[in-house]
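> Below is a structure I'd like to ask you about.
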Amino acid sequence: MKTDTRSTSRLRHDPLVRGLGWASALLGVPQVAAPAGFARALGVDDALRHRSATTAVGVRELAAAAGLLGRPHPAWLWGRVGGDLMDLTMLTRALKNHDGRGLGRTVAATAAVTALTATDVYAAVTRTRRSTPMELTATTTVTQPPDRVYALWRDLERLPDFMAHLEEVRVTGPRTSHWRASAPFGKTVEWDAETTEEVAGRLIAWQSVDGADIDNSGEVRFDPAPGGRGTEIRVTLRYDLSGGALGKAAARYFGEEPHQQLDDDLRRFKQIAETGEVVRSEGAPGGKRARGEFPQHPARPLTEDELKEALA
(Lines give C-alpha, C1' and ligand atoms only; values in the text may rest on other atoms or scores of the structure.)
Protein backbone atom coordinates (compact mmCIF):
# COMPACT_ATOMS: atom_id res chain seq x y z
CA MET A 1 0.00 0.00 0.00
CA LYS A 2 1.42 3.39 -0.96
CA THR A 3 2.12 5.77 1.93
CA ASP A 4 0.25 9.08 1.91
CA THR A 5 3.19 11.53 2.11
CA ARG A 6 0.88 14.47 2.81
CA SER A 7 -0.62 12.63 5.79
CA THR A 8 2.87 11.75 7.07
CA SER A 9 4.00 15.38 6.80
CA ARG A 10 0.88 16.59 8.59
CA LEU A 11 1.33 14.15 11.47
CA ARG A 12 5.05 14.90 11.78
CA HIS A 13 4.23 18.43 12.89
CA ASP A 14 1.21 17.48 15.01
CA PRO A 15 1.93 18.38 18.68
CA LEU A 16 -0.26 15.60 20.07
CA VAL A 17 1.32 12.92 17.85
CA ARG A 18 4.83 14.07 18.74
CA GLY A 19 3.88 14.23 22.42
CA LEU A 20 2.66 10.64 22.33
CA GLY A 21 5.86 9.64 20.55
CA TRP A 22 8.01 11.13 23.29
CA ALA A 23 5.74 9.59 25.94
CA SER A 24 6.40 6.17 24.36
CA ALA A 25 10.15 6.83 24.44
CA LEU A 26 10.13 7.96 28.07
CA LEU A 27 8.12 4.89 29.08
CA GLY A 28 10.05 2.44 26.94
CA VAL A 29 13.64 3.25 27.96
CA PRO A 30 13.35 2.42 31.71
CA GLN A 31 11.25 -0.67 30.99
CA VAL A 32 13.96 -2.10 28.76
CA ALA A 33 16.95 -0.82 30.77
CA ALA A 34 15.67 -1.72 34.26
CA PRO A 35 12.61 -3.99 34.04
CA ALA A 36 12.86 -5.19 37.65
CA GLY A 37 12.92 -1.65 39.05
CA PHE A 38 10.08 -0.56 36.78
CA ALA A 39 7.95 -3.52 37.88
CA ARG A 40 8.53 -2.63 41.54
CA ALA A 41 7.62 0.99 40.79
CA LEU A 42 4.26 -0.31 39.55
CA GLY A 43 3.69 -2.05 42.88
CA VAL A 44 4.32 -5.61 41.65
CA ASP A 45 7.23 -7.91 42.47
CA ASP A 46 10.20 -8.46 40.18
CA ALA A 47 9.48 -12.10 39.40
CA LEU A 48 10.75 -13.37 36.05
CA ARG A 49 7.32 -13.21 34.41
CA HIS A 50 6.88 -9.59 35.48
CA ARG A 51 10.37 -8.62 34.25
CA SER A 52 9.71 -10.34 30.91
CA ALA A 53 6.34 -8.64 30.48
CA THR A 54 7.85 -5.25 31.39
CA THR A 55 10.66 -5.70 28.86
CA ALA A 56 8.19 -6.70 26.12
CA VAL A 57 6.05 -3.63 26.83
CA GLY A 58 9.18 -1.45 26.77
CA VAL A 59 10.21 -2.78 23.36
CA ARG A 60 6.70 -2.10 22.07
CA GLU A 61 6.82 1.46 23.42
CA LEU A 62 10.19 2.12 21.77
CA ALA A 63 8.89 0.81 18.45
CA ALA A 64 5.88 3.16 18.73
CA ALA A 65 8.21 6.05 19.59
CA ALA A 66 10.37 5.37 16.54
CA GLY A 67 7.29 5.23 14.31
CA LEU A 68 5.54 8.32 15.67
CA LEU A 69 8.67 10.47 15.76
CA GLY A 70 10.34 9.13 12.61
CA ARG A 71 7.59 8.35 10.10
CA PRO A 72 4.24 8.99 11.78
CA HIS A 73 1.15 7.21 10.51
CA PRO A 74 -2.28 6.55 12.08
CA ALA A 75 -1.33 2.85 12.27
CA TRP A 76 1.16 3.68 15.03
CA LEU A 77 -1.58 5.47 16.97
CA TRP A 78 -3.92 2.49 16.68
CA GLY A 79 -0.99 0.31 17.72
CA ARG A 80 -0.71 2.36 20.90
CA VAL A 81 -4.43 1.84 21.54
CA GLY A 82 -4.00 -1.92 21.21
CA GLY A 83 -0.99 -1.80 23.51
CA ASP A 84 -2.93 0.22 26.07
CA LEU A 85 -5.66 -2.41 26.17
CA MET A 86 -3.02 -5.11 26.75
CA ASP A 87 -1.49 -3.03 29.55
CA LEU A 88 -4.87 -2.51 31.20
CA THR A 89 -5.54 -6.26 31.02
CA MET A 90 -2.21 -7.02 32.74
CA LEU A 91 -2.71 -4.34 35.39
CA THR A 92 -6.25 -5.55 36.09
CA ARG A 93 -4.93 -9.07 36.54
CA ALA A 94 -2.20 -7.74 38.84
CA LEU A 95 -4.81 -5.94 40.96
CA LYS A 96 -6.91 -9.08 41.17
CA ASN A 97 -3.97 -11.18 42.40
CA HIS A 98 -2.27 -8.45 44.45
CA ASP A 99 -0.74 -9.31 47.84
CA GLY A 100 -1.40 -5.81 49.16
CA ARG A 101 2.17 -4.50 49.16
CA GLY A 102 2.44 -1.50 46.85
CA LEU A 103 -1.27 -1.70 46.01
CA GLY A 104 -1.59 2.08 45.88
CA ARG A 105 1.10 2.33 43.19
CA THR A 106 -0.65 -0.33 41.09
CA VAL A 107 -3.98 1.48 41.39
CA ALA A 108 -2.31 4.77 40.39
CA ALA A 109 -0.63 3.08 37.40
CA THR A 110 -3.98 1.63 36.29
CA ALA A 111 -5.62 5.06 36.51
CA ALA A 112 -2.76 6.65 34.54
CA VAL A 113 -2.94 4.01 31.79
CA THR A 114 -6.73 4.47 31.61
CA ALA A 115 -6.29 8.21 31.04
CA LEU A 116 -3.57 7.57 28.47
CA THR A 117 -5.84 5.10 26.66
CA ALA A 118 -8.52 7.78 26.28
CA THR A 119 -5.91 10.16 24.86
CA ASP A 120 -4.64 7.53 22.42
CA VAL A 121 -8.17 6.69 21.25
CA TYR A 122 -8.86 10.39 20.67
CA ALA A 123 -5.61 10.83 18.74
CA ALA A 124 -6.15 7.71 16.63
CA VAL A 125 -9.74 8.58 15.70
CA THR A 126 -9.13 12.25 14.95
CA ARG A 127 -5.88 11.70 13.02
CA THR A 128 -7.25 8.91 10.83
CA ARG A 129 -8.20 10.15 7.37
CA ARG A 130 -10.10 6.99 6.49
CA SER A 131 -13.85 7.59 6.64
CA THR A 132 -17.09 5.67 6.56
CA PRO A 133 -19.96 7.00 4.40
CA MET A 134 -23.08 7.45 6.52
CA GLU A 135 -26.70 8.02 5.49
CA LEU A 136 -29.23 8.95 8.13
CA THR A 137 -32.97 9.29 7.68
CA ALA A 138 -35.68 10.45 10.05
CA THR A 139 -39.34 11.43 9.82
CA THR A 140 -41.76 13.32 12.00
CA THR A 141 -45.20 14.90 11.65
CA VAL A 142 -45.83 18.52 12.61
CA THR A 143 -49.33 19.88 13.08
CA GLN A 144 -48.64 22.92 10.91
CA PRO A 145 -49.16 23.47 7.13
CA PRO A 146 -46.18 22.71 4.82
CA ASP A 147 -45.59 26.35 3.85
CA ARG A 148 -45.20 27.42 7.48
CA VAL A 149 -42.96 24.47 8.38
CA TYR A 150 -40.82 25.06 5.29
CA ALA A 151 -40.40 28.74 6.14
CA LEU A 152 -39.28 27.89 9.68
CA TRP A 153 -36.65 25.42 8.44
CA ARG A 154 -35.57 27.76 5.63
CA ASP A 155 -34.47 30.28 8.26
CA LEU A 156 -31.05 28.60 8.44
CA GLU A 157 -29.67 30.77 11.22
CA ARG A 158 -32.35 29.34 13.53
CA LEU A 159 -31.28 25.72 12.96
CA PRO A 160 -28.99 25.69 16.05
CA ASP A 161 -32.13 26.33 18.14
CA PHE A 162 -33.10 22.69 17.72
CA MET A 163 -30.03 20.93 16.26
CA ALA A 164 -28.05 20.21 19.40
CA HIS A 165 -24.61 19.87 17.79
CA LEU A 166 -24.87 22.96 15.59
CA GLU A 167 -23.13 25.94 17.15
CA GLU A 168 -23.71 28.47 14.36
CA VAL A 169 -25.13 28.78 10.86
CA ARG A 170 -24.38 32.02 9.04
CA VAL A 171 -25.99 32.90 5.72
CA THR A 172 -23.28 34.16 3.34
CA GLY A 173 -25.25 34.54 0.11
CA PRO A 174 -28.56 33.78 -1.65
CA ARG A 175 -27.65 30.06 -1.86
CA THR A 176 -24.60 29.75 0.41
CA SER A 177 -24.00 29.49 4.14
CA HIS A 178 -21.24 28.74 6.67
CA TRP A 179 -21.76 26.07 9.35
CA ARG A 180 -19.94 25.31 12.62
CA ALA A 181 -20.75 22.23 14.69
CA SER A 182 -19.42 20.30 17.66
CA ALA A 183 -18.08 16.81 16.96
CA PRO A 184 -17.10 13.77 19.03
CA PHE A 185 -14.27 14.14 21.57
CA GLY A 186 -14.77 17.87 21.96
CA LYS A 187 -13.76 18.81 18.41
CA THR A 188 -15.34 21.56 16.30
CA VAL A 189 -15.86 21.22 12.56
CA GLU A 190 -16.77 23.87 9.99
CA TRP A 191 -17.85 23.89 6.37
CA ASP A 192 -19.43 26.03 3.69
CA ALA A 193 -22.56 24.72 1.98
CA GLU A 194 -24.64 25.64 -1.01
CA THR A 195 -28.29 25.00 -1.72
CA THR A 196 -28.43 22.63 -4.70
CA GLU A 197 -32.22 22.39 -5.09
CA GLU A 198 -35.16 24.20 -3.59
CA VAL A 199 -38.90 24.01 -4.15
CA ALA A 200 -40.79 26.49 -1.99
CA GLY A 201 -42.90 24.71 0.57
CA ARG A 202 -41.74 21.25 -0.56
CA LEU A 203 -37.97 20.67 -0.67
CA ILE A 204 -34.56 21.99 0.42
CA ALA A 205 -31.36 20.16 -0.66
CA TRP A 206 -27.75 21.13 0.05
CA GLN A 207 -24.14 20.05 -0.45
CA SER A 208 -20.92 21.05 1.31
CA VAL A 209 -18.30 22.69 -0.91
CA ASP A 210 -14.62 21.79 -1.30
CA GLY A 211 -12.51 22.25 1.82
CA ALA A 212 -15.17 21.14 4.31
CA ASP A 213 -13.96 19.48 7.52
CA ILE A 214 -16.68 16.89 6.89
CA ASP A 215 -18.09 16.30 3.41
CA ASN A 216 -21.87 16.21 3.74
CA SER A 217 -25.10 16.61 1.83
CA GLY A 218 -28.77 16.16 2.50
CA GLU A 219 -32.34 17.12 1.83
CA VAL A 220 -35.50 17.91 3.73
CA ARG A 221 -38.93 17.19 2.20
CA PHE A 222 -42.16 18.74 3.43
CA ASP A 223 -45.22 16.69 2.41
CA PRO A 224 -48.85 17.21 3.44
CA ALA A 225 -49.73 14.64 6.12
CA PRO A 226 -52.65 12.27 5.42
CA GLY A 227 -56.04 13.57 6.51
CA GLY A 228 -54.87 17.17 6.65
CA ARG A 229 -53.00 16.52 9.91
CA GLY A 230 -50.20 18.92 9.10
CA THR A 231 -46.80 18.20 7.50
CA GLU A 232 -44.63 15.13 7.24
CA ILE A 233 -40.94 16.10 7.40
CA ARG A 234 -38.50 13.62 5.87
CA VAL A 235 -34.80 14.33 6.47
CA THR A 236 -31.91 12.56 4.76
CA LEU A 237 -28.30 13.31 5.74
CA ARG A 238 -25.18 11.91 4.09
CA TYR A 239 -21.65 12.46 5.39
CA ASP A 240 -18.28 10.81 5.93
CA LEU A 241 -17.52 9.83 9.52
CA SER A 242 -13.81 10.23 10.24
CA GLY A 243 -11.92 7.32 11.72
CA GLY A 244 -13.74 4.64 9.73
CA ALA A 245 -15.62 1.91 11.56
CA LEU A 246 -13.42 2.32 14.64
CA GLY A 247 -14.25 6.01 14.76
CA LYS A 248 -17.95 5.21 14.49
CA ALA A 249 -17.74 2.71 17.35
CA ALA A 250 -15.73 5.09 19.52
CA ALA A 251 -18.16 7.96 18.89
CA ARG A 252 -21.09 5.74 19.88
CA TYR A 253 -19.26 4.61 23.02
CA PHE A 254 -18.78 8.22 24.10
CA GLY A 255 -22.46 9.07 23.57
CA GLU A 256 -22.41 10.51 20.04
CA GLU A 257 -24.87 8.18 18.26
CA PRO A 258 -25.76 9.93 14.95
CA HIS A 259 -29.19 8.33 14.43
CA GLN A 260 -30.30 9.29 17.92
CA GLN A 261 -29.00 12.82 17.40
CA LEU A 262 -31.13 13.27 14.29
CA ASP A 263 -34.26 11.88 15.97
CA ASP A 264 -33.71 14.23 18.93
CA ASP A 265 -33.19 17.20 16.59
CA LEU A 266 -36.47 16.52 14.78
CA ARG A 267 -38.32 16.16 18.06
CA ARG A 268 -37.06 19.59 19.15
CA PHE A 269 -38.01 21.08 15.76
CA LYS A 270 -41.53 19.70 16.17
CA GLN A 271 -41.76 21.37 19.59
CA ILE A 272 -40.61 24.72 18.19
CA ALA A 273 -42.99 24.52 15.21
CA GLU A 274 -45.99 23.63 17.39
CA THR A 275 -45.33 25.54 20.62
CA GLY A 276 -42.73 28.16 19.69
CA GLU A 277 -40.02 26.77 21.98
CA VAL A 278 -38.17 23.63 23.01
CA VAL A 279 -40.11 22.00 25.85
CA ARG A 280 -38.14 21.95 29.11
CA SER A 281 -38.95 19.37 31.75
CA GLU A 282 -37.93 18.64 35.33
CA GLY A 283 -35.80 15.75 34.04
CA ALA A 284 -34.00 17.95 31.49
CA PRO A 285 -34.37 21.62 32.49
CA GLY A 286 -31.61 22.64 30.09
CA GLY A 287 -33.67 21.92 26.98
CA LYS A 288 -31.19 21.75 24.11
CA ARG A 289 -28.35 21.73 26.66
CA ALA A 290 -29.66 18.43 28.06
CA ARG A 291 -26.80 16.64 26.28
CA GLY A 292 -24.53 18.19 28.92
CA GLU A 293 -26.52 16.57 31.72
CA PHE A 294 -25.27 13.04 30.98
CA PRO A 295 -25.37 10.79 32.97
CA GLN A 296 -29.07 11.35 33.51
CA HIS A 297 -30.68 11.38 36.93
CA PRO A 298 -34.24 10.60 38.03
CA ALA A 299 -36.77 13.36 37.45
CA ARG A 300 -36.90 15.87 40.30
CA PRO A 301 -38.43 19.29 40.93
CA LEU A 302 -36.55 22.25 39.50
CA THR A 303 -34.21 24.04 41.87
CA GLU A 304 -34.97 27.65 42.66
CA ASP A 305 -32.29 28.85 40.20
CA GLU A 306 -33.51 26.48 37.45
CA LEU A 307 -37.09 27.62 37.97
CA LYS A 308 -36.03 31.29 37.65
CA GLU A 309 -34.14 30.50 34.44
CA ALA A 310 -37.09 28.57 32.98
CA LEU A 311 -39.54 31.38 33.78
CA ALA A 312 -37.16 33.93 32.25
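Convention: chains lettered A, B, ... in C-alpha coordinates order; per-chain residue numbering from 1; ligands numbered from 1 as shown.
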How close does stretch 74-129 of chain A get to stretch 13-26 of chain A? List, as JSON lines, each residue of stretch 74-129 of chain A within 9 Å, its nearest atom pair and the distance in Å to one decimal, counting only C-alpha atoms.


{"residue": "A:Leu77", "atom": "CA", "partner": "A:Val17", "partner_atom": "CA", "distance": 8.0}
{"residue": "A:Arg80", "atom": "CA", "partner": "A:Ser24", "partner_atom": "CA", "distance": 8.8}
{"residue": "A:Thr119", "atom": "CA", "partner": "A:Leu20", "partner_atom": "CA", "distance": 8.9}
{"residue": "A:Asp120", "atom": "CA", "partner": "A:Leu20", "partner_atom": "CA", "distance": 7.9}
{"residue": "A:Ala123", "atom": "CA", "partner": "A:Leu16", "partner_atom": "CA", "distance": 7.3}
{"residue": "A:Arg127", "atom": "CA", "partner": "A:Val17", "partner_atom": "CA", "distance": 8.7}

> Any chance you could list, as a ChimeraX atom specification, the residues in stretch 24-243 of chain A that come up strand (DSSP E or B) when DSSP is run on the backbone?

/A:131-142,166-171,176-182,188-199,203-208,216-224,231-242

> Near A:Ala181, counting only C-alpha atoms, which residues have an atom at most 12 Å away, once you skip same-chain residues fewer than 4 positions from it, shown as a VMD selection string?

chain A and resid 159 to 160 163 to 170 186 to 192 212 to 214

> Quick one: pull the distance between atom CA of A:Thr172 and atom CA of A:Ser208, Å, one decimal.

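If I compute the distance from atom CA of A:Thr172 to atom CA of A:Ser208, I get 13.5 Å.
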
> Just want the 8 Å neighbourhood of A:Arg238, counted on only C-alpha atoms, with same-chain residues fewer than 2 positions away dropped. Output as a list in words.

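Residues meeting the cut-off are Pro133, Met134, Glu135, Leu136, Asn216, Ser217, Gly218, Thr236 and Asp240 of chain A.
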